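Q: Got a structure for you, questions after.
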Amino acid sequence: MSKLLVSPSPHIHADISTARIMRDVVIALLPSVVVSILYYGWSSVMLLAVSVITCILVEYLITRFLMKSQCTISDWSAAVTGVLLALNLPPACPWWVAMIGAIFAIGVVKMTFGGLGQNLFNPAIAARVFLLVSFPVAMTNWAKPAGFINVDATSGATLLGTVKEGLAKGDSLGQIFAANDFSYLQTLFINIGGSAGEISAIAILIGFVYLLARKVIRPHITLSIWATVIVFSGIFWLINPEQYTDPLFNLLTGGLLLGSVFMATDYVTSPMSARGGIIYGVGIGLLTMLIRYFGSYPEGVSFAVLIMNSVVPLINKAFKQKKYGRA
């Protein structure tokens, strides 16, 4: 009589693993990585190398010597955090700032809670906010390092920062855009000023399409963020177009695309249900625009994602995922 192997349900398996998902995220980030290296040169390479190596090393040391558990660096999650952190830093940021951020992301935000799957906040976003508060000068240095290709771009404040400063002086948006020779083409291919990963909206959108095609993420969180930003900014723009930026400007500038595609969709720190994900995305969009229009910071994506990360347990409680096998 043949032996029967009995195991707990469910019995449906898929060829999906954490390592495969994380590798797909790295592949999706490659267009942004390549563009940042081309335009920012060795400075971008240095930030990426320091951030990724530090994240992997810190996770290895903690799992090996403090937690005395199985090493988890082979799941690629530490590498993803390192790449995302580097792309969220100014291209002229000192290497040691990237190292401190990587140590904080892995050592404090991720491993303190028990490692992958147990952290409350997105490590890369939390590290960026920590660095912004701790090293404001280094984190707002938007000088453009020499790249491997020549680009007719200027150094200085980000587009969002330029708008915020100009409005504070009493200038209208028309005057600000005219003085800075602004065009939407810049935001698609060469987003003047900003973090290393924000330079090209096209590169980020290519990564978004890849993640959707590979079914790594579902679009409801990202699209709900975009829809909220469009509706919120559209209302204010229609009321006063000389005081409030239009929806397209808000979608293509700053870290909105990078944050909504790669960090707001993080499995661990986002809601489990589709309805909860939509509420989560709407919250991120609203907070982002409130900070951009009425806050002291020109950009609010990082703060918005971090705040909504903390609300995810409540969202999961209110909008429970359907139980396995039930309609």
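Quick note on naming: the chains in the structure tokens go A, B, ... in the order shown, residues restart at 1 in each chain, and ligands are numbered from 1 in order of appearance.
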I'd like the contact shell of region 300-306 of chain A - 7 Å cut-off, only C-alpha atoms, skipping same-chain residues fewer than 4 positions apart - returned as a list in words.
A: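 My reading of the contact set: Phe121, Ile125, Ala126, Val129, Gly255, Leu256, Gly259, Ala264, Ile284, Leu287, Thr288, Ile291, Arg292 and Ser310 of chain A.
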Q: Find the residues near region 174-179 of chain A: any atom within 12 Å, counting only C-alpha atoms, skip ones fewer than 4 places away on the same chain, and give them as number ranges by chain.
A: A: 159-170, 183-184, 240-246, 249
Q: Would you mind writing down, as a ChimeraX atom specification, each residue of region 32-236 of chain A that DSSP on the backbone assigns to alpha helix (DSSP H)?
A: /A:32-40,42-61,77-87,95-103,123-134,136-139,159-168,173-179,184-189,201-213,220-236
Q: With distances taken over only C-alpha atoms, which residue among A:Ser36, A:Thr222, A:Pro91, A:Val108 lies nearest Val209 (chain A)?
A: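 Between A:Ser36, A:Thr222, A:Pro91, A:Val108, the residue approaching Val209 (chain A) most closely is A:Thr222.
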Q: Show me, as an MDAnalysis selection string, the residues that have an atom within 7 Å of region 42-57 of chain A when counting only C-alpha atoms, minus same-chain residues fewer than 4 positions from it.
A: chainID A and resid 36:37 61 73 78:79 82:83 85:86 91:92 95 98:99 102:103 106 145
Q: Store the residues picked out above, limited to N, CA and C atoms, as a short mmCIF file (atom, residue, chain, number, x, y, z; two decimals), in the first residue's frame.
A:
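So selection_36.cif came out as:
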data_model
loop_
_atom_site.label_atom_id
_atom_site.label_comp_id
_atom_site.auth_asym_id
_atom_site.auth_seq_id
_atom_site.Cartn_x
_atom_site.Cartn_y
_atom_site.Cartn_z
N SER A 36 19.94 57.63 -14.11
CA SER A 36 20.62 58.41 -13.07
C SER A 36 22.13 58.33 -13.22
N ILE A 37 22.65 57.17 -13.60
CA ILE A 37 24.10 57.02 -13.80
C ILE A 37 24.56 57.82 -15.01
N LEU A 61 25.02 40.82 9.18
CA LEU A 61 25.60 40.86 10.52
C LEU A 61 24.53 40.69 11.60
N ILE A 73 19.84 37.51 3.32
CA ILE A 73 20.25 38.42 2.24
C ILE A 73 20.01 37.83 0.86
N ALA A 78 17.09 43.23 0.92
CA ALA A 78 18.06 44.24 1.36
C ALA A 78 18.61 45.01 0.16
N ALA A 79 18.83 44.31 -0.94
CA ALA A 79 19.32 44.97 -2.16
C ALA A 79 18.29 45.96 -2.69
N GLY A 82 18.39 49.03 -0.63
CA GLY A 82 19.58 49.82 -0.95
C GLY A 82 19.42 50.62 -2.22
N VAL A 83 18.86 50.01 -3.26
CA VAL A 83 18.66 50.72 -4.53
C VAL A 83 17.65 51.85 -4.35
N LEU A 85 16.81 53.45 -1.63
CA LEU A 85 17.37 54.53 -0.80
C LEU A 85 18.29 55.41 -1.63
N ALA A 86 19.16 54.80 -2.43
CA ALA A 86 20.09 55.57 -3.26
C ALA A 86 19.34 56.46 -4.25
N PRO A 91 21.76 63.56 -5.91
CA PRO A 91 22.94 62.97 -6.57
C PRO A 91 24.27 63.46 -6.01
N ALA A 92 24.28 64.64 -5.40
CA ALA A 92 25.51 65.17 -4.82
C ALA A 92 25.65 64.84 -3.34
N TRP A 95 28.77 60.18 0.41
CA TRP A 95 28.62 58.73 0.52
C TRP A 95 28.31 58.30 1.95
N ALA A 98 24.64 58.29 2.78
CA ALA A 98 23.98 57.09 2.25
C ALA A 98 24.24 55.89 3.16
N MET A 99 25.45 55.79 3.70
CA MET A 99 25.78 54.67 4.59
C MET A 99 24.96 54.74 5.88
N ALA A 102 21.42 53.73 5.12
CA ALA A 102 21.28 52.29 4.93
C ALA A 102 21.29 51.55 6.26
N ILE A 103 22.17 51.97 7.18
CA ILE A 103 22.22 51.35 8.51
C ILE A 103 20.90 51.55 9.24
N ILE A 106 17.93 49.33 7.51
CA ILE A 106 17.95 47.90 7.80
C ILE A 106 18.01 47.64 9.31
N PRO A 145 26.09 66.79 -10.31
CA PRO A 145 27.44 66.27 -10.57
C PRO A 145 27.63 66.00 -12.06
#
Q: With only C-alpha atoms as the atoms that count, which of A:Phe262, A:Phe65, A:Trp237, A:Tyr293 lies nearest to Asn88 (chain A)?
A: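 For Asn88 (chain A), the nearest of the given residues is A:Phe262.
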Q: Nearest to Ile278 (chain A): which of A:Ser233, A:Ser17, A:Asn119, A:Ser224 is it, counting only C-alpha atoms?
A: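 Nearest to Ile278 (chain A): A:Ser224.
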Q: Excluding same-chain residues fewer than 5 positions from Pro123 (chain A), what lies within 8 Å of it counting only C-alpha atoms, as a CSV table (one decimal) with C-alpha atoms, in the first residue's frame?
A:
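The file below, around-v8.csv, is the result:
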chain,number,residue,atom,x,y,z
A,81,THR,CA,16.1,48.7,0.0
A,105,ALA,CA,16.9,51.5,7.1
A,106,ILE,CA,18.0,47.9,7.8
A,109,VAL,CA,13.3,50.1,10.6
A,110,LYS,CA,13.5,46.5,9.3
Q: What's the separation between CA of Gly194 (chain A) and CA of Phe182 (chain A), in Å to one decimal place?
A: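 These two atoms are separated by 14.7 Å.
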Q: Excluding Gln118 (chain A) and its own-chain neighbours fewer than 3 positions away, which residues fall within 12 Å of it when counting only C-alpha atoms? Please give them as JSON, numbers by chain.
A: {"A": [109, 110, 111, 112, 113, 114, 115, 121, 122, 123, 267, 268, 269, 270, 313]}
Q: For those residues, write C-alpha atoms to a file as a CSV table (one decimal), in the first residue's frame.
A:
chain,number,residue,atom,x,y,z
A,109,VAL,CA,13.3,50.1,10.6
A,110,LYS,CA,13.5,46.5,9.3
A,111,MET,CA,15.4,44.2,11.6
A,112,THR,CA,14.3,45.7,14.9
A,113,PHE,CA,10.8,44.5,14.1
A,114,GLY,CA,12.0,41.1,13.2
A,115,GLY,CA,13.0,41.4,9.5
A,121,PHE,CA,7.3,51.3,7.9
A,122,ASN,CA,8.9,51.1,4.5
A,123,PRO,CA,12.7,51.1,5.2
A,267,TYR,CA,3.8,44.3,0.2
A,268,VAL,CA,4.7,44.5,3.9
A,269,THR,CA,3.7,48.1,4.6
A,270,SER,CA,0.6,48.4,2.4
A,313,PRO,CA,-3.0,48.1,10.6
Q: Rank nothing, just name the residue among A:Ile204, A:Ile21, A:Thr158, A:His220 nearest to Asn180 (chain A), using only C-alpha atoms.
A: A:Thr158
Q: Choose the residue, out of A:Asp24, A:Ile315, A:Ile202, A:Tyr40, that has the smallest atom-to-atom separation from Ala146 (chain A); count only C-alpha atoms.
A: A:Tyr40
